[in-house]
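Inspection log for the structure reproduced underneath, given as structure tokens.
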Amino acid sequence: MSDQENYQKVCEVDDVWEGEMDVFDVGESEVLIVHSPGGEIRAYSPICPHQDHPLVEGELENCVLTCSAHLWQFDAISGKGINPTGTSLTSYPSKVEDDCIWVVLPES
Amino acid sequence: MKENQKQHQVFIEGAGLSFTISENDSILGGILRSGVGIPYECNAGGCGSCKYTLIEGDVVDDFEGSAGLRASDKRKNKHLACVSRPQSDCVIEIKPDAEYVAKTRPKRVNATLQSVEKLTHDLWEFYFESDPPARFLPGQYAKLSLPGVAGPRSYSMCNNGNNDGRWGFQIKRTEGGSASSFLFDNAVLGSRITIDAPYSIAHLNEQSERPLICIAGGSGLAPMVSILHGAAKMALEGKRPILYYGARTVDDVISKEYLDRIPHFDVEKQYIPIVSEVEPGNSWSGPTGMVHEYLAESLDDDCQDCDYFIAGPPPMVDAVRRHLILERKIPVEHLHYDRFY
Amino acid sequence: MALLKMEEWYDLARETNWTPSYVSQDELYPAPMSNNFDIPLEKWEAFDEPYKSTYRDYVGAQRDKDVGAYSVKAALARAEFFKNASPHWKALLALHFSAVCWAEFHSASAFARMTRFCQSPGMRNMATFGTLDEIRHGQIQIYFAYEFLKHDSVFDWCHKSSKTENWIIISLRHALDDIAHTRDATSAAIMLNMGLELAFTNLQFVALSADAAKCGDHSFATMLQSIQTDEARHAQIGEPIVRIMVENGKKKEAQQLVEISFWRMWKQFSALSGIGMDYYTPLEHRENSLKDFMEEWVIGQFGRTVEALGLDLPWYWDILKKDICSFHHANQIGVYAYRATEWWRPIAGTSPAEREWLEEKYPGWNETYGKCWDVISENIRNGDYEKTVPAPPPLICNMCGLEVVGTAGNEWNAVNHHVDIDDRRYHFCSEPCKWIFEIEPERYKGHKSIIDRVFDGTIGPEPDDFYNYMGQSESERGTDGYNYRWVDGYDEDEDAEKKYATG
Amino acid sequence: MNSKVTGMKTWSKLAKNKRRPSEYEIVTTNLQTRHRHRDQAYELSPAPDLSMNEWYRKYVFDSPLQHDDWEEFRDPDALIYRVYTRNQDAQEEFIDGVLSEHNEIGHDQDLQPEWLTVLEEMYTPRRYLQTALQMSAAYILQVAPASTITACAGFQEGDEFRWLQRVAYRTRELQMTHPERGFSKNERDHWENSPAFQGLRELMEKVLIAYDWGENFVASNLVAKVAADETLRELADVARSFRDPLLASLAENQLRDSDRSRRWSAELVKFCTDAKSENKTAIKGWIEAWTPLAKDAITAYCLALPAGEIAAKSAISRMEAFHRSLEI
């Protein structure tokens with residue numbers, strides 16, 4: 001894949017434990033890393049698609065991410081809206097390699 | 001309502017929109033008055049919904065340290081539209097949202113105090129009258145500028161829009177609150193105030209056919225009374241709205257006589273007051289506890305298909321919406337509320 | 001609701017003794033778990049708790065108590081409070097939580113012993129509430145402590161301390177195991193409920209709660225009060241038992257159990273709460289001293305309760321009256337001096353203004369303990385930080401596990417109370433500690449104090465061996481909570497920091 | 001300056017999992033002190049000088065049931081105190097409602113005489129059985145080698161007490177409606193002497209003195225409690241046929257509590273057998289040793305019920321099904 005060289009390092013896997021999420025700076029951008037219970041790791045845009053509100057202030061419980069502003073809920077693994085449906089988190093390609101988390105961010 | 005203030009031009013980047021706004025008006029007020037919609041709720045710097053990025057120009061923030069703005073937002077040159085005013089021509093970045101376009105654009109009017117009625121020991125109803133008609137939808141609120149009180153305060157109307165220019169508000173007396181101290185201690189019939197209204201999209205939607213459930217606490221009663229009056233005009237066949245009212249003590253419960261004035265509203269069947277602190281020995285026989293706990297026990301399984309209006313003290317609104325959305329899985333678009341802090 | 005009133009059926013739930021026939025009474029109630037003190041069974045069955053509560057009411061009331069404490073709003077307020085708290089208050093919180101979380105949770109087992117091995121049905125039921133209460137107290141306090149952990153790692157000890165061999169933890173464990181966990185159900189009930197809860201929880205929870213409220217930590221204050229109301233419910237187990245003992249000719253035994261447990265607990269409270277009250281509580285929030293509290297609540301109130309139950313005041317009452325003005329002052333010097341052996345950041349609490357308060361509350365303080373602090377302060381001013389840490393290990397009491405101390409200065413009065421058994425010399429800080437040992441040497445003589453463990457080679461000779469043994473990595477060793485800025489007062493922080501910081 | 005004050009993500013003891021711990025783990029793990037030194041569970045003279053250290057060594061450290069790290073046990077319900085009281089408050093409110101409702105419609109007046117006899121001889125004496133179960137849970141708690149086990153046993157003890165009080169309540173209520181009968185007077189006699197209860201009493205008395213921690217846990221939670229509960233289930237079934245929906249509701253609610261006991265007990269079995277195959281042998285042996293007594297107890301009780309032998313058979317088969325589900 002030509003993406004290979006576009007991967008940027010976000011953090012170490014140990015920085016975000018299973019059941020946690022956190023925001024990291026990658027260059028000029030920010031990325032939300034979600035480490036779901038069960039071990040899946042995802043990278044998302046850190047802002048709720050509803051309004052300009054940081055998702056990291058919400059809750060991550062049982063693979064459901066809840067935004068603290070209006071309680072919009074998303075599946076933490078697929079990023080799809082649970083309530084309301086028909087919306088989803090902006091997802092970035094990510095991988096785990098050498099105990100680190102890497103993402104590909106869109107060109108800004 | 002002096003219009004001799006300096007005017008500035010504000011340009012919304014990306015949207016290709018621009019509007020003129022007086023130096024004394026908030027960016028949010030200016031945007032809404034020009035017919036554009038952007039997300040907002042509390043209009044007082046608390047909720048953070050109306051955040052924008054300042055690209056060029058100067059603004060002044062009226063509320064330093066507002067809860068709606070984080071340190072990281074400030075670093076990114078973000079401001080809150082509801083509590084910032086332009087000091088020069090500006091370029092800002094914010095995503096317009098058609099849902100928030102005002103059905104009636106907010107206007108400032110002068111009004112005088114016409115009547116006062118005591119609903120409980122500390123919740124009073126005040127009626128003001130303006131020359132222009134009172135234009136608003138059931139459930140909306142106004143920003144009141146009161147003599148001797150710094151900055152406007154938001155209060156919901158308790159009546160319906162009308163051509164007579166009548167504006168009804170319910171205000172709770174709070175110790176040391178300057179707004180309530182003006183209204184309770186200093187105002188006399190004929191006292192003049194300025195009303196900037198209407199605001200909020202948490203208003204009654206006459207197109208919705210879902211049954212209504214109104215949940216209020218404290219002075220959150222006002223928009224519910226407005227909504228119930230509004231609903232009375234709609235022909236919701238067989239779908240009686242229900243009003244849950246959370247009161248701290250038995251003395252805070254709104255009388256049935258007052259609510260009996262709402263047309264087609266059967267207080268015995270449609271009004272459920274819940275008291276959280278019952279003094280030992282009190283003869284209160286109605287439900288007790290917190291409103292959200294009562295809802296947890298009493299809402300029917302078909303509660304999914306209702307519209308919910310919620311207003312009251314922030315912790316109550318928060319607990320109720322958490323229950324409805326997180327536990328009852330009610331679609332978020334069925335909930336109508338403004339987040340105040 | 002057509003429901004019976006509690007009084008109509010409550011007694012039936014206390015008629016639950018039966019006569020075993022498939023096993024013997026002795027098998028069902030064996031030593032060391034049970035002891036009926038040769039009092040006939042029907043006398044024990046007459047156990048009557050003054051305040052009655054049903055399971056139904058219990059879960060309702062307890063649920064309500066927890067609602068506010070666990071709210072998001074309360075949690076935010078606590079986090080905010082903690083961020084702004086002074087090093088004084090942080091040290092107090094760290095000390096409080098690391099001592100009480102596991103200790104309270106562990107008490108659930110002591111109450112369970114009463115439920116299983118006592119022979120009074122009423123007590124069995126009350127003790128079941130006690131068990132549940134103690135699970136609550138362990139859990140709610142550790143939950144509070146956990147909120148501070150993300151700001152300050154010293155709070156890790158609220159969770160990890162229970163099984164460590166840190167000398168303060170050994171001392172506390174020794175005292176609690178002695179009175180609550182290694183006694184028969186009847187003795188444990190008297191010792192735990194009278195000697196600890198009835199005597200001291202007011203001191204711990206009401207006083208601390210008042211201080212917390214003054215400092216603006218309202219949710220902590222409310223939580224402490226709610227714990228105190230639980231304690232008041234289950235502590236009532238003690239009084240009816242003492243009455244039964246006294247009425248049946250076992251006053252001497254009851255008296256001794258109260259005397260042992262009260263003294264053991266006094267030593268713990270003296271060191272932990274005493275230092276907390278008179279040194280760690282921020283000066284502006286201090287009203288009463290340990291001595292004030294002890295005189296009112298313990299020597300006064302508890303003393304009257306003891307006499308009303310038909311017991312005598314403990315024989316060491318005069319010793320106690322002197323001890324409340326001295327033991328914790330002397331121990332504070334030790335706790336500060338050996339600060340590296342503690343996991344929190346100890347406070348000297350002897351800035352000029354604080355010394356004035358101490359002198360006012362304890363006339364003569366300057367002439368005695370103050371002299372030690374003069375030397376410590378002088379060393380700090382001169383940059384001789386190593387001189388503030390004593391080289392030789394302290395002498396540790398083989399009963400209470402705390403330092404053997406006396407009044408410092410001109411009135412130096414340390415007396416080495418000791419007992420010799422089997423070629424081993426046991427040291428005691430006081431006559432009552434020695435008296436307890438001599439009542440039943442078998443209970444205590446095999447135990448080694450932390451210093452004994454150094455001398456017998458259990459702990460290796462290197463300094464790090466000592467800390468490793470106590471479970472303390474390098475970052476878990478206490479340092480002065482103010483980085484010595486207290487010496488000339490806390491005001492000129494920046495200058496002082498420069499002056500004392502780079503040691 | 002002091003080295004910079006920094007916080008931690010979680011307790012160091014929970015950090016190795018690299019997983020955000022649940023509230024249950026935060027407040028329930030590692031709060032026990034006695035499982036440290038083989039001869040010195042308690043901080044006083046080591047065994048044998050201190051008899052309580054001797055007790056703990058003999059019955060816990062030397063028990064055939066062994067685990068290298070008891071602290072790793074987790075309650076499958078992850079129950080904490082505030083959730084326990086919240087749940088049980090709701091259940092008790094429900095029970096209040098059930099009792100009140102039946103009281104108002106004069107439920108007890110309409111009971112048939114032959115059913116009243118069953119209540120008198122078979123139901124109200126069960127408060128003694130509840131006491132024995134309360135005591136039994138209390139023993140598990142005080143010898144449990146980890147705080148997570150302590151908590152499970154503590155809530156179980158609370159549950160047993162809950163039903164002790166509810167049976168006492170019903171006893172008094174029945175007595176008030178039927179004062180001519182033996183309610184609240186003869187329960188102890190039935191418990192001590194009636195053939196129906198002697199098996200259960202023998203079982204409970206012997207379980208109470210099985211002091212080895214492992215054996216006690218097995219005999220109590222996997223055998224005796226299960227047997228006692230299954231007899232209650234049979235009694236409730238009979239209640240339905242005698243038009244006593246009240247007893248049926250109470251029993252159903254009580255058995256919910258028992259299900260929780262079975263969940264954590266089964267989890268503890270799995271935790272032990274996953275760690276050491278010797279534990280499997282030990283648990284299996286204890287179940288086999290205690291089951292005959294339990295079967296006799298069930299049979300004696302059920303034979304005194306109108307349903308008789310069928311009841312005994314179904315109760316026993318449910319107990320055996322539970323044992324099979326443990327996959328020992």
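Chain labels follow the order of the structure tokens: the first chain is A, the next B, and so on; residue numbering restarts at 1 in every chain, and ligands are counted from 1 in their shown order.
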*Write out as a list in words each polymer residue whose atoms come within 9 Å of Met8 of chain D, counting only C-alpha atoms; drop sequence neighbours fewer than 2 positions from it.*
Leu149, Lys150, His151, Asp152, Ser153, Phe155 and Asp156 of chain C; Thr6, Thr10, Trp11 and Ser12 of chain D
Pick out the chain B residues within 12 Å of chain A. Count only C-alpha atoms. Give them as a short mmCIF file (atom, residue, chain, number, x, y, z; two decimals) with N, CA, C and O atoms, in the first residue's frame.
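What ended up in result-v9.cif:
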```
data_model
loop_
_atom_site.label_atom_id
_atom_site.label_comp_id
_atom_site.auth_asym_id
_atom_site.auth_seq_id
_atom_site.Cartn_x
_atom_site.Cartn_y
_atom_site.Cartn_z
N ILE B 38 -26.63 29.12 13.55
CA ILE B 38 -25.47 28.36 14.04
C ILE B 38 -25.90 27.73 15.36
O ILE B 38 -26.81 28.23 16.03
N PRO B 39 -25.25 26.61 15.73
CA PRO B 39 -25.67 25.95 16.96
C PRO B 39 -25.50 26.85 18.18
O PRO B 39 -24.51 27.59 18.27
N TYR B 40 -26.45 26.83 19.09
CA TYR B 40 -26.34 27.55 20.36
C TYR B 40 -27.37 26.96 21.30
O TYR B 40 -28.32 26.32 20.86
N GLU B 41 -27.14 27.15 22.59
CA GLU B 41 -28.17 26.72 23.55
C GLU B 41 -28.37 27.74 24.66
O GLU B 41 -29.38 28.43 24.71
N GLY B 46 -22.09 29.27 28.81
CA GLY B 46 -21.96 28.08 29.65
C GLY B 46 -21.78 26.79 28.89
O GLY B 46 -20.96 25.95 29.26
N CYS B 47 -22.53 26.62 27.80
CA CYS B 47 -22.59 25.29 27.19
C CYS B 47 -21.51 25.06 26.14
O CYS B 47 -21.16 23.92 25.86
N GLY B 48 -20.99 26.11 25.55
CA GLY B 48 -19.93 25.95 24.56
C GLY B 48 -20.41 25.56 23.18
O GLY B 48 -19.61 25.24 22.31
N SER B 49 -21.72 25.58 22.94
CA SER B 49 -22.24 25.14 21.63
C SER B 49 -21.85 26.08 20.49
O SER B 49 -21.70 25.65 19.36
N CYS B 50 -21.74 27.38 20.78
CA CYS B 50 -21.62 28.36 19.70
C CYS B 50 -20.18 28.82 19.47
O CYS B 50 -19.92 29.96 19.14
N LYS B 51 -19.26 27.88 19.64
CA LYS B 51 -17.84 28.18 19.48
C LYS B 51 -17.50 28.53 18.02
O LYS B 51 -17.96 27.88 17.10
N TYR B 52 -16.70 29.56 17.83
CA TYR B 52 -16.22 29.86 16.48
C TYR B 52 -14.74 30.20 16.55
O TYR B 52 -14.21 30.49 17.64
N THR B 53 -14.07 30.16 15.40
CA THR B 53 -12.66 30.53 15.35
C THR B 53 -12.55 31.93 14.74
O THR B 53 -13.14 32.19 13.70
N GLY B 68 -17.74 27.30 28.94
CA GLY B 68 -17.87 26.71 27.61
C GLY B 68 -16.59 26.72 26.79
O GLY B 68 -16.54 26.13 25.73
N LEU B 69 -15.57 27.40 27.29
CA LEU B 69 -14.34 27.54 26.51
C LEU B 69 -13.16 26.97 27.29
O LEU B 69 -12.90 27.39 28.41
N ARG B 70 -12.46 26.02 26.69
CA ARG B 70 -11.31 25.42 27.37
C ARG B 70 -10.03 26.19 27.04
O ARG B 70 -10.00 26.96 26.08
N SER B 72 -7.45 24.97 25.72
CA SER B 72 -6.98 24.56 24.39
C SER B 72 -7.76 25.32 23.31
O SER B 72 -7.23 25.64 22.25
N ASP B 73 -9.05 25.63 23.57
CA ASP B 73 -9.84 26.41 22.61
C ASP B 73 -9.25 27.80 22.47
O ASP B 73 -9.15 28.35 21.37
N LYS B 76 -6.37 28.07 20.32
CA LYS B 76 -6.71 27.99 18.90
C LYS B 76 -7.52 29.20 18.45
O LYS B 76 -8.16 29.16 17.40
N LYS B 78 -10.32 30.37 19.68
CA LYS B 78 -11.77 30.17 19.62
C LYS B 78 -12.45 31.08 20.63
O LYS B 78 -11.90 31.43 21.67
N LEU B 80 -16.70 32.29 22.06
CA LEU B 80 -18.11 31.90 22.09
C LEU B 80 -18.94 33.03 21.48
O LEU B 80 -18.86 34.18 21.92
N GLU B 93 -14.74 31.67 11.51
CA GLU B 93 -15.00 30.38 10.89
C GLU B 93 -15.97 29.62 11.81
O GLU B 93 -15.71 29.44 13.00
N ILE B 94 -17.09 29.22 11.25
CA ILE B 94 -18.08 28.44 12.00
C ILE B 94 -18.98 27.78 10.98
O ILE B 94 -19.18 28.31 9.88
N LYS B 95 -19.49 26.59 11.34
CA LYS B 95 -20.32 25.87 10.40
C LYS B 95 -21.78 26.29 10.57
O LYS B 95 -22.37 26.03 11.63
N PRO B 96 -22.39 26.98 9.58
CA PRO B 96 -23.81 27.32 9.72
C PRO B 96 -24.65 26.05 9.80
O PRO B 96 -24.28 25.02 9.24
N ASP B 97 -25.74 26.09 10.52
CA ASP B 97 -26.59 24.92 10.71
C ASP B 97 -28.04 25.36 10.54
O ASP B 97 -28.57 26.13 11.34
N GLU B 99 -30.76 24.02 11.00
CA GLU B 99 -31.71 23.69 12.08
C GLU B 99 -31.88 24.88 13.03
O GLU B 99 -32.91 25.02 13.68
N VAL B 317 -31.91 18.38 34.73
CA VAL B 317 -31.98 18.18 33.29
C VAL B 317 -30.99 17.11 32.86
O VAL B 317 -31.30 16.23 32.07
N ASP B 318 -29.81 17.17 33.46
CA ASP B 318 -28.78 16.21 33.08
C ASP B 318 -29.19 14.78 33.47
O ASP B 318 -29.07 13.86 32.67
N ALA B 319 -29.69 14.62 34.69
CA ALA B 319 -30.07 13.28 35.14
C ALA B 319 -31.22 12.74 34.30
O ALA B 319 -31.24 11.57 33.94
N VAL B 320 -32.17 13.60 33.95
CA VAL B 320 -33.32 13.15 33.16
C VAL B 320 -32.87 12.74 31.76
O VAL B 320 -33.25 11.68 31.26
N ARG B 321 -32.03 13.56 31.13
CA ARG B 321 -31.66 13.21 29.77
C ARG B 321 -30.76 11.97 29.75
O ARG B 321 -30.85 11.14 28.85
N ARG B 322 -29.94 11.83 30.77
CA ARG B 322 -29.14 10.60 30.85
C ARG B 322 -30.04 9.38 30.96
O ARG B 322 -29.81 8.36 30.32
N HIS B 323 -31.07 9.51 31.78
CA HIS B 323 -31.97 8.37 31.91
C HIS B 323 -32.68 8.08 30.59
O HIS B 323 -32.73 6.93 30.14
N LEU B 324 -33.21 9.12 29.96
CA LEU B 324 -34.01 8.89 28.75
C LEU B 324 -33.15 8.37 27.60
O LEU B 324 -33.54 7.45 26.89
N ILE B 325 -31.97 8.94 27.44
CA ILE B 325 -31.15 8.53 26.29
C ILE B 325 -30.36 7.27 26.59
O ILE B 325 -30.39 6.31 25.82
N LEU B 326 -29.67 7.25 27.73
CA LEU B 326 -28.76 6.14 27.97
C LEU B 326 -29.48 4.89 28.45
O LEU B 326 -29.11 3.78 28.10
N GLU B 327 -30.51 5.06 29.26
CA GLU B 327 -31.17 3.86 29.78
C GLU B 327 -32.39 3.47 28.96
O GLU B 327 -32.64 2.31 28.70
N ARG B 328 -33.18 4.47 28.57
CA ARG B 328 -34.40 4.15 27.81
C ARG B 328 -34.16 4.08 26.30
O ARG B 328 -35.05 3.72 25.56
N LYS B 329 -32.97 4.51 25.88
CA LYS B 329 -32.61 4.48 24.45
C LYS B 329 -33.58 5.28 23.59
O LYS B 329 -33.93 4.88 22.48
N ILE B 330 -34.06 6.37 24.10
CA ILE B 330 -34.97 7.20 23.33
C ILE B 330 -34.16 7.99 22.30
O ILE B 330 -33.09 8.52 22.62
N PRO B 331 -34.63 8.05 21.06
CA PRO B 331 -33.85 8.75 20.03
C PRO B 331 -33.53 10.19 20.47
O PRO B 331 -34.41 10.90 20.95
N VAL B 332 -32.29 10.59 20.27
CA VAL B 332 -31.88 11.92 20.76
C VAL B 332 -32.73 13.04 20.16
O VAL B 332 -32.97 14.06 20.80
N GLU B 333 -33.23 12.81 18.91
CA GLU B 333 -34.00 13.89 18.30
C GLU B 333 -35.39 14.06 18.93
O GLU B 333 -36.08 15.02 18.65
N HIS B 334 -35.76 13.16 19.81
CA HIS B 334 -37.04 13.33 20.51
C HIS B 334 -36.92 14.16 21.77
O HIS B 334 -37.91 14.43 22.43
N LEU B 335 -35.69 14.51 22.12
CA LEU B 335 -35.49 15.30 23.35
C LEU B 335 -35.27 16.76 23.00
O LEU B 335 -34.49 17.07 22.09
N HIS B 336 -35.93 17.64 23.73
CA HIS B 336 -35.82 19.07 23.47
C HIS B 336 -35.47 19.78 24.77
O HIS B 336 -36.24 19.69 25.74
N TYR B 337 -34.30 20.41 24.79
CA TYR B 337 -33.86 21.09 26.00
C TYR B 337 -32.72 22.02 25.64
O TYR B 337 -32.12 21.90 24.57
N ASP B 338 -32.47 22.97 26.47
CA ASP B 338 -31.28 23.80 26.34
C ASP B 338 -30.39 23.52 27.52
O ASP B 338 -30.86 23.44 28.66
N ARG B 339 -29.10 23.38 27.27
CA ARG B 339 -28.18 23.12 28.38
C ARG B 339 -27.74 24.44 29.00
O ARG B 339 -26.98 25.18 28.43
N PHE B 340 -28.28 24.73 30.17
CA PHE B 340 -27.83 25.89 30.93
C PHE B 340 -26.88 25.40 32.01
O PHE B 340 -26.89 24.24 32.37
#
```
*Please provide the set of residues having any atom within 10 Å of Val91 of chain B, restricted to only C-alpha atoms, with same-chain residues fewer than 6 positions apart removed, written as a ChimeraX atom specification.*
/B:9-13,18,53-58
_Polymer residues at most 6 Å from segment 193-196 of chain B, only C-alpha atoms, same-chain spacing of 3 or more positions, as JSON, numbers by chain_ = {"B": [107, 108, 109, 110, 111, 142, 143, 144, 145, 146]}
*Name all residues at most 9 Å from Glu93 of chain D (count only C-alpha atoms; drop same-chain ones fewer than 4 positions away) and give them as a list in words.*
Arg56 and Gly60 of chain C; Gln88, Asp89, Gly97 and Val98 of chain D
Using the selection just defined, write its residues with C-alpha atoms as a PDB file, in the first residue's frame.
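Written output follows (out20.pdb):
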```
ATOM      1  CA  ARG C  56     -35.524  -3.447  54.669  1.00  0.00           C
ATOM      2  CA  GLY C  60     -33.197   1.959  51.943  1.00  0.00           C
TER       3      GLY C  60
ATOM      4  CA  GLN D  88     -31.870  -4.773  47.317  1.00  0.00           C
ATOM      5  CA  ASP D  89     -33.750  -1.612  48.231  1.00  0.00           C
ATOM      6  CA  GLY D  97     -45.750  -3.981  47.897  1.00  0.00           C
ATOM      7  CA  VAL D  98     -46.472  -7.702  47.546  1.00  0.00           C
TER       8      VAL D  98
END
```
_DSSP strand (DSSP E) residues within segment 4-235 of chain B, as number ranges by chain_ = B: 7-12, 17-22, 51-56, 59-61, 78-80, 84-86, 90-93, 107-118, 123-130, 141-145, 153-156, 166-172, 192-199, 212-217
Distance table requested - chain B against chain D, cut-off 12 Å, only C-alpha atoms: one row per qualifying residue with the closest atom pair and its distance in Å to one decimal, ordered by chain and rising residue number, as JSON lines.
```
{"residue": "B:Glu293", "atom": "CA", "partner": "D:Ala90", "partner_atom": "CA", "distance": 11.4}
{"residue": "B:Ala296", "atom": "CA", "partner": "D:Ala90", "partner_atom": "CA", "distance": 11.7}
{"residue": "B:Glu297", "atom": "CA", "partner": "D:Ala90", "partner_atom": "CA", "distance": 10.1}
```
Selection from above, C-alpha atoms, as an mmCIF file, in the first residue's frame, can you write it?
```cif
data_model
loop_
_atom_site.group_PDB
_atom_site.id
_atom_site.type_symbol
_atom_site.label_atom_id
_atom_site.label_comp_id
_atom_site.auth_asym_id
_atom_site.auth_seq_id
_atom_site.Cartn_x
_atom_site.Cartn_y
_atom_site.Cartn_z
ATOM 1 C CA GLU B 293 -35.832 8.086 39.547
ATOM 2 C CA ALA B 296 -37.320 5.174 35.817
ATOM 3 C CA GLU B 297 -40.093 3.489 37.736
#
```
_Those in segment 1-48 of chain A with helix (DSSP H, G or I) from DSSP, as a ChimeraX atom specification_ = /A:2-6,13-15
*Tell me which of C:Arg113, C:Arg63, C:His88, C:His181 sits closest to Met135 of chain D, counting only C-alpha atoms.*
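Smallest separation from Met135 of chain D among the options: C:Arg113.
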